[in-house]
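J.: Just one file: upload38.txt, with compact mmCIF, C-alpha atoms.
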# COMPACT_ATOMS: atom_id res chain seq x y z
CA MET A 27 -2.85 -9.49 -3.11
CA HIS A 28 -1.51 -6.46 -4.93
CA ARG A 29 -3.93 -3.59 -5.39
CA ILE A 30 -3.83 -1.91 -8.77
CA SER A 31 -5.43 1.12 -10.34
CA ILE A 32 -8.40 1.16 -12.70
CA PRO A 33 -7.58 -0.95 -15.78
CA ARG A 34 -6.82 0.78 -19.04
CA LEU A 35 -9.87 -0.83 -20.66
CA ALA A 36 -12.19 0.94 -18.23
CA VAL A 37 -10.33 4.24 -18.74
CA LEU A 38 -10.60 3.96 -22.53
CA ALA A 39 -14.29 3.05 -22.31
CA ALA A 40 -14.89 6.01 -20.00
CA VAL A 41 -13.03 8.34 -22.40
CA VAL A 42 -15.10 7.09 -25.36
CA PHE A 43 -18.29 7.50 -23.32
CA LEU A 44 -17.32 11.03 -22.32
CA ALA A 45 -16.40 11.90 -25.91
CA LEU A 46 -19.80 10.71 -27.15
CA CYS A 47 -21.56 12.74 -24.48
CA VAL A 48 -19.53 15.84 -25.36
CA VAL A 49 -20.30 15.40 -29.08
CA GLN A 50 -23.98 14.98 -28.29
CA LEU A 51 -23.94 18.05 -26.06
CA ILE A 52 -22.19 20.21 -28.67
CA GLY A 53 -24.56 19.01 -31.39
CA SER A 54 -27.57 19.71 -29.19
CA LEU A 55 -26.30 23.17 -28.34
CA LEU A 56 -25.74 24.01 -32.00
CA PHE A 57 -29.17 22.64 -32.83
CA TYR A 58 -30.87 24.70 -30.14
CA GLN A 59 -28.86 27.75 -31.11
CA ALA A 60 -30.13 27.45 -34.68
CA ILE A 61 -33.68 27.00 -33.42
CA ASP A 62 -33.22 29.95 -31.10
CA ARG A 63 -32.22 32.24 -33.96
CA GLN A 64 -35.42 31.39 -35.77
CA THR A 65 -37.44 31.74 -32.57
CA GLN A 66 -35.82 35.06 -31.80
CA ARG A 67 -36.50 36.44 -35.28
CA ALA A 68 -40.10 35.27 -35.10
CA ASP A 69 -40.46 36.82 -31.65
CA HIS A 70 -39.20 40.21 -32.86
CA ALA A 71 -41.51 40.05 -35.85
CA ARG A 72 -44.48 39.25 -33.64
CA ARG A 73 -43.65 42.05 -31.21
CA ILE A 74 -43.27 44.57 -34.06
CA ALA A 75 -46.57 43.50 -35.59
CA GLU A 76 -48.36 43.78 -32.25
CA LEU A 77 -46.65 47.10 -31.56
CA ILE A 78 -47.80 48.58 -34.85
CA VAL A 79 -51.39 47.38 -34.55
CA VAL A 80 -51.85 48.36 -30.90
CA SER A 81 -49.98 51.66 -31.28
CA ASP A 82 -52.11 52.57 -34.25
CA ARG A 83 -55.28 52.08 -32.25
CA ILE A 84 -54.07 53.77 -29.05
CA HIS A 85 -52.61 56.73 -30.96
CA ALA A 86 -55.92 57.22 -32.71
CA LEU A 87 -57.75 57.34 -29.36
CA GLN A 88 -55.23 59.03 -27.06
CA PRO A 89 -52.15 60.34 -28.90
CA ASN A 90 -50.45 61.67 -25.76
CA LEU A 91 -50.64 58.36 -23.91
CA ALA A 92 -49.64 56.05 -26.76
CA ALA A 93 -45.86 56.31 -26.29
CA PRO A 94 -45.83 55.76 -22.47
CA ILE A 95 -48.25 52.87 -22.78
CA MET A 96 -46.27 51.08 -25.50
CA THR A 97 -42.82 51.60 -23.91
CA THR A 98 -41.60 48.66 -21.82
CA GLY A 99 -38.31 47.51 -20.35
CA HIS A 100 -37.42 45.83 -23.65
CA LEU A 101 -39.14 48.14 -26.11
CA LYS A 102 -39.11 51.89 -26.52
CA ALA A 103 -41.79 53.59 -28.66
CA GLU A 104 -41.96 57.19 -29.90
CA PHE A 105 -44.26 58.97 -32.33
CA ALA A 106 -42.85 61.61 -34.67
CA PRO A 107 -43.67 63.30 -37.97
CA GLU A 108 -40.46 61.92 -39.52
CA PRO A 109 -39.03 58.39 -39.48
CA ALA A 110 -35.93 57.73 -37.39
CA VAL A 111 -34.90 55.06 -39.88
CA ARG A 112 -35.32 56.36 -43.37
CA ARG A 113 -34.52 53.17 -45.28
CA MET A 114 -34.24 49.42 -44.75
CA MET A 115 -30.75 48.26 -43.86
CA ASP A 116 -29.26 45.79 -46.31
CA SER A 117 -29.56 42.66 -44.16
CA ASP A 118 -31.13 39.30 -44.89
CA SER A 119 -32.05 38.86 -41.26
CA LEU A 120 -33.88 42.20 -41.14
CA ARG A 121 -35.67 41.47 -44.40
CA ARG A 122 -36.83 38.13 -42.98
CA ILE A 123 -38.13 39.93 -39.87
CA ALA A 124 -40.04 42.39 -42.04
CA ALA A 125 -41.51 39.54 -44.07
CA GLU A 126 -42.60 37.75 -40.93
CA VAL A 127 -44.24 40.97 -39.67
CA THR A 128 -46.59 40.89 -42.61
CA GLU A 129 -47.15 37.18 -42.03
CA TRP A 130 -48.27 37.96 -38.48
CA GLU A 131 -50.41 40.91 -39.63
CA PRO A 132 -51.15 40.91 -43.39
CA SER A 133 -52.82 44.34 -43.12
CA LEU A 134 -49.38 45.90 -42.59
CA ALA A 135 -48.09 44.82 -46.00
CA ALA A 136 -48.88 48.21 -47.54
CA ARG A 137 -47.23 50.23 -44.75
CA PRO A 138 -43.63 51.45 -45.15
CA LEU A 139 -41.42 49.59 -42.64
CA ASN A 140 -37.72 50.39 -42.25
CA LEU A 141 -35.50 48.30 -39.96
CA ALA A 142 -31.85 48.72 -38.94
CA MET A 143 -29.35 47.62 -36.32
CA ALA A 144 -27.94 50.15 -33.85
CA LYS A 145 -24.85 49.55 -31.73
CA THR A 146 -24.99 50.39 -28.03
CA PRO A 147 -22.04 51.66 -25.90
CA ASP A 148 -21.70 48.28 -24.23
CA GLY A 149 -21.21 46.52 -27.58
CA LYS A 150 -24.71 45.11 -27.96
CA SER A 151 -27.06 45.68 -30.90
CA ASP A 152 -30.60 47.04 -30.76
CA LEU A 153 -33.23 46.57 -33.42
CA VAL A 154 -34.52 50.02 -34.45
CA GLY A 155 -37.26 50.71 -36.92
CA SER A 156 -39.81 53.14 -38.26
CA VAL A 157 -43.29 52.39 -39.58
CA ARG A 158 -45.92 54.82 -40.81
CA LEU A 159 -49.25 54.79 -39.01
CA ALA A 160 -52.68 55.23 -40.52
CA ASP A 161 -52.80 58.96 -39.67
CA GLY A 162 -49.49 59.61 -41.46
CA LYS A 163 -47.27 59.89 -38.39
CA TRP A 164 -44.29 57.60 -37.85
CA LEU A 165 -43.84 55.13 -35.06
CA ASN A 166 -40.17 54.93 -34.17
CA PHE A 167 -39.25 52.00 -31.93
CA ARG A 168 -36.16 50.38 -30.44
CA SER A 169 -36.08 46.70 -29.40
CA ARG A 170 -33.20 46.38 -26.98
CA ASP A 171 -30.37 43.84 -27.41
CA ILE A 172 -31.56 41.83 -30.40
CA THR A 173 -28.24 39.95 -30.38
CA SER A 174 -28.94 38.58 -26.92
CA MET A 175 -28.77 34.90 -27.71
CA TRP A 176 -29.93 31.90 -25.78
CA PRO A 177 -33.29 33.01 -24.37
CA ILE A 178 -34.60 29.56 -25.13
CA ALA A 179 -31.33 27.85 -25.99
CA LEU A 180 -29.84 28.78 -22.63
CA ARG A 181 -32.55 26.94 -20.77
CA ALA A 182 -32.34 24.03 -23.19
CA SER A 183 -28.55 24.01 -22.96
CA MET A 184 -28.59 23.93 -19.17
CA LEU A 185 -31.12 21.12 -19.27
CA MET A 186 -28.98 19.23 -21.77
CA LEU A 187 -25.86 19.83 -19.70
CA CYS A 188 -27.48 18.56 -16.52
CA THR A 189 -28.88 15.56 -18.39
CA ALA A 190 -25.48 14.83 -19.94
CA LEU A 191 -23.71 15.08 -16.57
CA ALA A 192 -26.29 12.77 -15.00
CA CYS A 193 -25.89 10.29 -17.88
CA ILE A 194 -22.11 10.46 -17.57
CA ALA A 195 -22.26 9.81 -13.83
CA ILE A 196 -24.67 6.92 -14.24
CA GLY A 197 -22.66 5.54 -17.15
CA LEU A 198 -19.38 5.66 -15.22
CA ILE A 199 -20.99 3.93 -12.23
CA LEU A 200 -22.42 1.22 -14.47
CA LEU A 201 -19.09 0.93 -16.28
CA ARG A 202 -17.27 0.44 -13.00
CA LEU A 203 -19.79 -2.18 -11.92
CA LEU A 204 -19.43 -3.99 -15.24
CA THR A 205 -15.63 -3.93 -15.09
CA ASN A 206 -15.41 -5.03 -11.45
CA PRO A 207 -15.14 -8.71 -12.43
CA LEU A 208 -12.47 -7.86 -14.99
CA ARG A 209 -10.58 -5.82 -12.41
CA ARG A 210 -10.72 -8.72 -9.96
CA LEU A 211 -9.42 -11.05 -12.67
CA THR A 212 -6.54 -8.68 -13.37
CA GLN A 213 -5.63 -8.50 -9.68
CA ALA A 214 -5.95 -12.28 -9.35
CA ALA A 215 -3.74 -12.88 -12.40
CA ASP A 216 -1.12 -10.54 -10.93
CA ALA A 217 -1.25 -12.41 -7.60
CA ILE A 218 -1.05 -15.80 -9.33
CA GLY A 219 1.97 -14.57 -11.27
CA HIS A 220 3.66 -13.87 -7.92
CA GLY A 221 3.04 -17.40 -6.69
CA GLN A 222 -0.01 -16.62 -4.57
CA GLN A 223 -3.21 -18.65 -4.63
CA VAL A 224 -6.41 -16.64 -4.56
CA GLU A 225 -10.05 -17.54 -4.89
CA ILE A 226 -11.64 -15.64 -7.76
CA ARG A 227 -15.32 -14.85 -7.34
CA GLU A 228 -17.18 -16.17 -10.37
CA SER A 229 -19.58 -13.31 -11.07
CA GLY A 230 -20.45 -10.84 -13.81
CA PRO A 231 -21.26 -11.59 -17.47
CA GLU A 232 -21.16 -15.22 -18.59
CA ASP A 233 -17.85 -14.87 -20.45
CA LEU A 234 -16.15 -13.39 -17.38
CA ARG A 235 -17.69 -16.07 -15.13
CA ASN A 236 -16.32 -18.77 -17.42
CA LEU A 237 -12.91 -17.07 -17.44
CA ALA A 238 -12.91 -16.81 -13.64
CA HIS A 239 -13.84 -20.48 -13.33
CA SER A 240 -11.06 -21.47 -15.75
CA MET A 241 -8.54 -19.43 -13.77
CA ASN A 242 -9.65 -21.04 -10.51
CA VAL A 243 -9.25 -24.50 -12.03
CA MET A 244 -5.91 -23.53 -13.58
CA GLN A 245 -4.36 -22.26 -10.37
CA GLU A 246 -5.62 -25.34 -8.49
CA ARG A 247 -3.82 -27.53 -11.02
CA ILE A 248 -0.68 -25.40 -10.87
CA ALA A 249 -0.74 -25.46 -7.07
CA ARG A 250 -1.13 -29.25 -7.01
CA LEU A 251 1.64 -29.63 -9.58
CA LEU A 252 4.05 -27.42 -7.66
CA GLU A 253 3.18 -29.06 -4.37
CA ASP A 254 3.60 -32.56 -5.80
CA GLN A 255 6.87 -31.54 -7.39
CA ALA A 256 8.17 -29.98 -4.18
CA ARG A 257 7.12 -32.92 -2.05
CA SER A 258 8.68 -35.34 -4.52
CA PHE A 259 11.99 -33.53 -4.34
CA GLU A 260 11.73 -33.38 -0.56
CA ALA A 261 11.11 -37.12 -0.46
CA ILE A 262 14.10 -37.72 -2.73
CA SER A 263 16.24 -35.45 -0.55
CA HIS A 264 15.14 -37.32 2.55
CA ASP A 265 15.86 -40.70 0.98
CA LEU A 266 19.32 -39.56 -0.09
CA ARG A 267 20.29 -39.02 3.54
CA THR A 268 20.31 -42.79 4.16
CA PRO A 269 23.14 -43.56 1.69
CA LEU A 270 24.92 -40.41 2.89
CA SER A 271 24.79 -41.78 6.43
CA ARG A 272 26.33 -45.03 5.21
CA GLN A 273 29.09 -43.07 3.47
CA GLN A 274 29.67 -41.14 6.70
CA ILE A 275 30.18 -44.42 8.55
CA ALA A 276 32.47 -45.67 5.78
CA ALA A 277 34.53 -42.47 5.89
CA ASP A 278 35.07 -42.94 9.61
CA LEU A 279 36.34 -46.48 9.03
CA ILE A 280 38.85 -45.59 6.33
CA ASP A 281 42.37 -45.54 7.64
CA ASP A 282 43.79 -43.38 4.85
CA ALA A 283 43.34 -39.82 6.18
CA GLU A 284 43.51 -38.21 2.73
CA ILE A 285 40.83 -40.45 1.23
CA SER A 286 38.71 -40.08 4.35
CA GLU A 287 38.91 -36.30 4.10
CA ILE A 288 37.93 -36.30 0.43
CA LEU A 289 34.93 -38.51 1.18
CA GLN A 290 33.95 -36.43 4.19
CA THR A 291 34.12 -33.21 2.13
CA SER A 292 31.83 -34.72 -0.51
CA ILE A 293 29.39 -35.86 2.17
CA ASP A 294 29.31 -32.40 3.76
CA GLU A 295 28.76 -30.81 0.35
CA MET A 296 25.85 -33.15 -0.39
CA GLU A 297 24.35 -32.44 3.03
CA GLY A 298 24.59 -28.70 2.39
CA LEU A 299 23.04 -29.06 -1.06
CA LEU A 300 20.13 -31.11 0.30
CA ALA A 301 19.54 -28.57 3.08
CA SER A 302 19.53 -25.68 0.60
CA LEU A 303 17.25 -27.59 -1.78
CA GLN A 304 14.80 -28.39 1.00
CA GLY A 305 14.68 -24.74 2.02
CA TYR A 306 13.99 -23.66 -1.56
CA LEU A 307 11.32 -26.32 -2.06
CA ARG A 308 9.65 -25.38 1.19
CA ALA A 309 9.35 -21.82 -0.06
CA GLN A 310 7.19 -23.14 -2.92
CA HIS A 311 4.30 -24.25 -0.73
CA ILE A 312 4.77 -22.76 2.74
CA SER A 313 1.63 -21.10 4.13
CA SER A 314 1.40 -18.33 6.70
CA GLU A 315 -1.21 -16.03 8.19
CA PRO A 316 -0.54 -12.33 8.91
CA GLU A 317 0.02 -11.37 12.52
CA PRO A 318 1.71 -8.58 14.50
CA VAL A 319 5.48 -8.89 14.14
CA ASP A 320 8.25 -6.96 15.88
CA LEU A 321 10.81 -6.74 13.11
CA GLY A 322 13.65 -6.07 15.52
CA GLU A 323 12.92 -9.18 17.59
CA LEU A 324 12.41 -11.28 14.48
CA VAL A 325 15.74 -10.27 12.93
CA ALA A 326 17.53 -10.65 16.27
CA GLY A 327 16.26 -14.22 16.50
CA VAL A 328 17.39 -14.94 12.94
CA ILE A 329 20.97 -13.72 13.46
CA ALA A 330 21.37 -15.15 16.98
CA PRO A 331 22.94 -18.46 15.79
CA TYR A 332 25.65 -16.56 13.91
CA GLU A 333 26.88 -14.76 17.07
CA ASP A 334 29.58 -12.22 16.17
CA SER A 335 29.28 -12.84 12.42
CA ALA A 336 26.06 -10.80 12.19
CA ARG A 337 25.04 -7.48 13.76
CA LEU A 338 21.65 -5.73 13.92
CA THR A 339 21.36 -1.92 13.74
CA GLY A 340 18.66 0.70 13.37
CA VAL A 341 16.11 -0.99 15.61
CA GLY A 342 13.29 1.11 17.04
CA LYS A 343 9.57 0.57 17.39
CA SER A 344 8.93 -1.73 14.46
CA VAL A 345 5.72 -3.71 15.06
CA VAL A 346 3.91 -4.40 11.79
CA GLU A 347 1.23 -6.77 10.48
CA SER A 348 3.19 -9.25 8.37
CA PHE A 349 4.04 -12.92 7.78
CA PRO A 350 6.62 -13.93 10.39
CA GLU A 351 7.77 -17.34 9.16
CA PRO A 352 8.35 -16.44 5.47
CA LEU A 353 10.01 -13.18 6.53
CA ALA A 354 12.32 -15.00 8.96
CA LEU A 355 13.25 -17.63 6.36
CA ALA A 356 13.98 -15.00 3.70
CA THR A 357 16.09 -12.92 6.10
CA GLY A 358 17.95 -16.02 7.28
CA ALA A 359 18.78 -17.05 3.71
CA LEU A 360 20.21 -13.59 2.97
CA VAL A 361 22.18 -13.44 6.23
CA GLU A 362 23.68 -16.87 5.56
CA ASN A 363 24.56 -15.80 2.02
CA ALA A 364 26.21 -12.59 3.28
CA ILE A 365 28.31 -14.45 5.87
CA ARG A 366 29.32 -17.11 3.35
CA PHE A 367 30.60 -14.59 0.79
CA GLY A 368 31.60 -11.65 2.99
CA GLY A 369 32.42 -13.23 6.32
CA ARG A 370 30.06 -10.87 8.14
CA ALA A 371 26.49 -9.53 7.81
CA GLU A 372 25.30 -6.07 8.82
CA VAL A 373 21.51 -6.14 9.18
CA ALA A 374 19.44 -2.95 9.49
CA VAL A 375 15.71 -2.46 10.03
CA ARG A 376 14.49 0.87 8.70
CA ARG A 377 11.34 2.64 7.60
CA GLU A 378 10.61 4.79 4.55
CA GLY A 379 7.17 6.37 4.72
CA ALA A 380 4.64 3.58 5.16
CA ASP A 381 7.11 0.86 4.05
CA TRP A 382 9.54 -1.16 6.16
CA PHE A 383 12.82 -2.59 4.90
CA ILE A 384 15.36 -5.12 6.13
CA ASP A 385 18.82 -4.48 4.65
CA VAL A 386 21.44 -7.24 4.73
CA GLU A 387 24.89 -5.88 3.83
CA ASP A 388 28.14 -7.78 3.43
CA THR A 389 31.75 -6.82 2.69
CA GLY A 390 32.32 -9.53 0.08
CA PRO A 391 33.15 -9.16 -3.59
CA GLY A 392 29.58 -8.08 -4.37
CA ILE A 393 27.56 -8.73 -7.51
CA PRO A 394 27.78 -6.64 -10.70
CA PRO A 395 24.51 -4.72 -11.27
CA SER A 396 24.14 -6.49 -14.61
CA HIS A 397 23.64 -9.76 -12.69
CA PHE A 398 21.10 -8.49 -10.15
CA GLU A 399 18.31 -10.23 -12.07
CA ASP A 400 20.36 -13.35 -12.83
CA VAL A 401 21.01 -14.19 -9.17
CA LEU A 402 17.26 -14.65 -8.67
CA THR A 403 17.47 -17.77 -10.84
CA PRO A 404 17.99 -21.03 -8.88
CA PHE A 405 21.51 -22.51 -9.08
CA PHE A 406 22.91 -19.45 -10.87
CA ARG A 407 26.61 -18.93 -10.16
CA LEU A 408 28.74 -15.97 -11.18
CA ASP A 409 31.63 -18.26 -12.12
CA GLU A 410 30.67 -19.25 -15.66
CA ALA A 411 32.53 -22.57 -15.47
CA ARG A 412 30.31 -23.52 -12.47
CA THR A 413 33.34 -24.69 -10.52
CA ARG A 414 33.09 -25.77 -6.91
CA ASP A 415 35.84 -23.40 -5.84
CA THR A 416 33.27 -20.91 -4.59
CA PRO A 417 30.94 -21.76 -1.71
CA GLY A 418 27.15 -21.98 -1.90
CA PHE A 419 24.70 -23.61 -4.25
CA GLY A 420 22.89 -20.60 -5.71
CA LEU A 421 19.66 -21.17 -3.75
CA GLY A 422 19.81 -18.67 -0.87
CA ILE A 423 18.81 -15.54 -2.79
CA PRO A 424 16.22 -17.40 -5.00
CA THR A 425 14.63 -18.80 -1.82
CA ALA A 426 14.28 -15.32 -0.32
CA HIS A 427 12.99 -13.95 -3.63
CA ARG A 428 10.41 -16.72 -3.95
CA LEU A 429 9.13 -16.19 -0.43
CA MET A 430 8.76 -12.44 -0.90
CA MET A 431 6.96 -12.87 -4.22
CA ARG A 432 4.46 -15.28 -2.72
CA PHE A 433 3.58 -13.07 0.25
CA GLY A 434 3.60 -9.64 -1.38
CA GLY A 435 7.07 -8.45 -0.43
CA GLN A 436 9.97 -7.55 -2.66
CA LEU A 437 13.69 -8.30 -2.90
CA SER A 438 16.09 -5.80 -4.47
CA PHE A 439 19.84 -5.22 -4.52
CA ALA A 440 22.34 -2.40 -4.32
CA THR A 441 26.09 -2.06 -4.09
CA SER A 442 27.37 -1.07 -0.66
CA PRO A 443 29.96 1.73 -0.23
CA CYS A 444 32.58 -0.87 0.66
CA GLY A 445 31.94 -2.75 -2.59
CA GLY A 446 29.86 -5.57 -1.14
CA LEU A 447 26.23 -6.40 -1.72
CA ILE A 448 23.14 -4.94 -0.03
CA ALA A 449 20.17 -7.30 -0.25
CA ARG A 450 17.04 -5.31 0.61
CA ILE A 451 13.75 -6.91 1.68
CA LYS A 452 10.62 -4.83 1.40
CA VAL A 453 8.55 -6.25 4.26
CA PRO A 454 5.14 -7.56 3.10
CA LEU A 455 2.43 -5.67 4.97
CA MET A 456 -1.28 -6.27 5.30
Translate this structure into structure tokens?
T.:
Amino acid sequence: MHRISIPRLAVLAAVVFLALCVVQLIGSLLFYQAIDRQTQRADHARRIAELIVVSDRIHALQPNLAAPIMTTGHLKAEFAPEPAVRRMMDSDSLRRIAAEVTEWEPSLAARPLNLAMAKTPDGKSDLVGSVRLADGKWLNFRSRDITSMWPIALRASMLMLCTALACIAIGLILLRLLTNPLRRLTQAADAIGHGQQVEIRESGPEDLRNLAHSMNVMQERIARLLEDQARSFEAISHDLRTPLSRQQIAADLIDDAEISEILQTSIDEMEGLLASLQGYLRAQHISSEPEPVDLGELVAGVIAPYEDSARLTGVGKSVVESFPEPLALATGALVENAIRFGGRAEVAVRREGADWFIDVEDTGPGIPPSHFEDVLTPFFRLDEARTRDTPGFGLGIPTAHRLMMRFGGQLSFATSPCGGLIARIKVPLM
């Protein structure tokens, strides 16, 4: 069975899911940022109101200790006869802070309060202000880094980000679990298209279970149909040998040598056609289990009957887990085809990365690249008139192609440097 990557449907669903999570995250961040601005403004207003009230009381009791007591890491307080900020800066945000100060402490409504923004050397902005106390002095204060955003939003954003990442991870896991049946159906359909028969597990949602059941029933029917068809043709081929045997006897009894030769040639041609047809039909329903195979020994056994007409090269350590009988039949069909059209077959076993290949090269007339796909069709002949002047029945290459498709291999072609054909088998591996 061919392994494939994650289906496009799952990828698209994952992209949509991720997009929704990103949109939700951005919206949440903007929402919390807006809330944080309001919270920040209210916090500054509360701190200013508390500062004024507490400073007023402490300054009245202990004027020398008021400034050190009220100064913190985020707030600096000083008392002076003149205000550091002489007028309110024209800013809606500062006016809203001043209004909220009086909301926190209505008694401060009658006190002059001037607020402004002051830039720091590091590019931040401090909130500075001056407010007159009850004894007539001015409280000058500086609230550091008022533009520091995300005191609350940062925590909320991190929480939202972690939650979104957790939801994405859980969603992708669930999505993969939900698409597992669909992925198995895709792999099964690909295998069925290559002539393999696989058992599809009927699991998942009801619609996918019904689809899996229908595909199981369908491939059972197709398998029975192909098997019945192949066996019918095999039976016909077997029955045809009886009249051919009679004709062989008749040819031997004919005294006219010319007529006897014509009849004998026709008999031999019919015998060859039946043999080729049986080989092709066998490729339709042959079964094989994977086992360790020495490719060099296998190919050597295939070419042994051809003696000097075939030669094996490039043999090293080549033990793989494959299907020996289909591989031998496919190689034999290609070797026979190469000898028939080129007079000689050069067979090489080689490795490219994790893949193994068996190359069968001949020195014949070759096949134009435009016909590389056509020769995979049964009974296809390059001579358009379909004359019998050329040998073969157009079943050798289709037989090898069919066997490789069924067992996960591949058959491809190339033109050899001498102009002949290179038929290349990609060995099916487990």
J.: Find the spatial neighbours of range 272-278 of chain A, counting all atoms listed in the file, within a cut-off of 12 Å - ignore same-chain residues fewer than 5 positions away - and output them as a list in words.
T.: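 Returned residues: Leu266, Arg267, Ala283, Glu284, Ile285, Ser286, Glu287, Ile288, Leu289, Gln290, Thr291, Ser292, Ile293, Asp294, Met296 and Glu297 of chain A.
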J.: Mind running range 77-106 of chain A against range 121-140 of chain A at 12 Å and telling me each contacting residue's nearest atom pair with the distance in Å (one decimal), counting all atoms listed in the file, chain and number ascending, as a tab-separated table?
T.:
residue	atom	partner	partner_atom	distance
A:Leu77	CA	A:Val127	CA	10.4
A:Ile78	CA	A:Leu134	CA	8.3
A:Val79	CA	A:Glu131	CA	8.3
A:Val80	CA	A:Glu131	CA	11.6
A:Asp82	CA	A:Leu134	CA	11.0
J.: In Å, rounded to a single decimal, give me how far CA of Pro424 in chain A is from CA of Leu303 in chain A.
T.: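 Spanning CA of Leu303 in chain A to CA of Pro424 in chain A is a straight-line distance of 10.7 Å.
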J.: Counting only C-alpha atoms, which residues in range 326-387 of chain A sit no more than 12 Å from range 440-448 of chain A? For each one, give the nearest pair of atoms and the distance in Å, sorted by chain then residue number, as JSON lines.
T.:
{"residue": "A:Leu360", "atom": "CA", "partner": "A:Ile448", "partner_atom": "CA", "distance": 9.6}
{"residue": "A:Val361", "atom": "CA", "partner": "A:Ile448", "partner_atom": "CA", "distance": 10.6}
{"residue": "A:Asn363", "atom": "CA", "partner": "A:Leu447", "partner_atom": "CA", "distance": 10.3}
{"residue": "A:Ala364", "atom": "CA", "partner": "A:Leu447", "partner_atom": "CA", "distance": 8.0}
{"residue": "A:Ile365", "atom": "CA", "partner": "A:Leu447", "partner_atom": "CA", "distance": 11.3}
{"residue": "A:Phe367", "atom": "CA", "partner": "A:Gly446", "partner_atom": "CA", "distance": 9.3}
{"residue": "A:Gly368", "atom": "CA", "partner": "A:Gly446", "partner_atom": "CA", "distance": 7.6}
{"residue": "A:Gly369", "atom": "CA", "partner": "A:Gly446", "partner_atom": "CA", "distance": 11.0}
{"residue": "A:Arg370", "atom": "CA", "partner": "A:Gly446", "partner_atom": "CA", "distance": 10.7}
{"residue": "A:Ala371", "atom": "CA", "partner": "A:Ile448", "partner_atom": "CA", "distance": 9.7}
{"residue": "A:Glu372", "atom": "CA", "partner": "A:Ile448", "partner_atom": "CA", "distance": 9.2}
{"residue": "A:Val373", "atom": "CA", "partner": "A:Ile448", "partner_atom": "CA", "distance": 9.4}
{"residue": "A:Ala374", "atom": "CA", "partner": "A:Ile448", "partner_atom": "CA", "distance": 10.4}
{"residue": "A:Phe383", "atom": "CA", "partner": "A:Ile448", "partner_atom": "CA", "distance": 11.7}
{"residue": "A:Ile384", "atom": "CA", "partner": "A:Ile448", "partner_atom": "CA", "distance": 9.9}
{"residue": "A:Asp385", "atom": "CA", "partner": "A:Ile448", "partner_atom": "CA", "distance": 6.4}
{"residue": "A:Val386", "atom": "CA", "partner": "A:Ile448", "partner_atom": "CA", "distance": 5.6}
{"residue": "A:Glu387", "atom": "CA", "partner": "A:Ile448", "partner_atom": "CA", "distance": 4.3}
J.: Tell me, in Å to one decimal, how far CA of Asp152 in chain A is from CA of Ser169 in chain A.
T.: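 These atoms are spaced 5.7 Å apart.
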J.: Suppose you want the space between CA of Pro318 in chain A and CA of Glu347 in chain A; what is it in Å?
T.: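 We find that CA of Pro318 in chain A and CA of Glu347 in chain A lie 4.4 Å from each other.
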J.: Give me the residues near Arg83 in chain A as a PDB file with C-alpha atoms, in the coordinates of the input, where near means some atom within 12 Å (using all atoms listed in the file) and where sequence neighbours in that chain fewer than 3 positions away do not count.
T.:
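Below is the file that was written, selection14.pdb:
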ATOM      1  CA  GLU A  76     -48.360  43.780 -32.250  1.00  0.00           C
ATOM      2  CA  LEU A  77     -46.650  47.100 -31.560  1.00  0.00           C
ATOM      3  CA  ILE A  78     -47.800  48.580 -34.850  1.00  0.00           C
ATOM      4  CA  VAL A  79     -51.390  47.380 -34.550  1.00  0.00           C
ATOM      5  CA  VAL A  80     -51.850  48.360 -30.900  1.00  0.00           C
ATOM      6  CA  ALA A  86     -55.920  57.220 -32.710  1.00  0.00           C
ATOM      7  CA  LEU A  87     -57.750  57.340 -29.360  1.00  0.00           C
ATOM      8  CA  GLN A  88     -55.230  59.030 -27.060  1.00  0.00           C
ATOM      9  CA  PRO A  89     -52.150  60.340 -28.900  1.00  0.00           C
ATOM     10  CA  LEU A  91     -50.640  58.360 -23.910  1.00  0.00           C
ATOM     11  CA  ALA A  92     -49.640  56.050 -26.760  1.00  0.00           C
ATOM     12  CA  ALA A  93     -45.860  56.310 -26.290  1.00  0.00           C
ATOM     13  CA  ILE A  95     -48.250  52.870 -22.780  1.00  0.00           C
ATOM     14  CA  MET A  96     -46.270  51.080 -25.500  1.00  0.00           C
ATOM     15  CA  LEU A 159     -49.250  54.790 -39.010  1.00  0.00           C
ATOM     16  CA  ALA A 160     -52.680  55.230 -40.520  1.00  0.00           C
ATOM     17  CA  ASP A 161     -52.800  58.960 -39.670  1.00  0.00           C
TER      18      ASP A 161
END
J.: Within 8 Å of Met430 in chain A, counting all atoms listed in the file, which residues show up once you throw out same-chain ones fewer than 2 positions away? Write them as a PyMOL selection string, please.
T.: chain A and resi 352-353+356+426-428+432-437+451+454
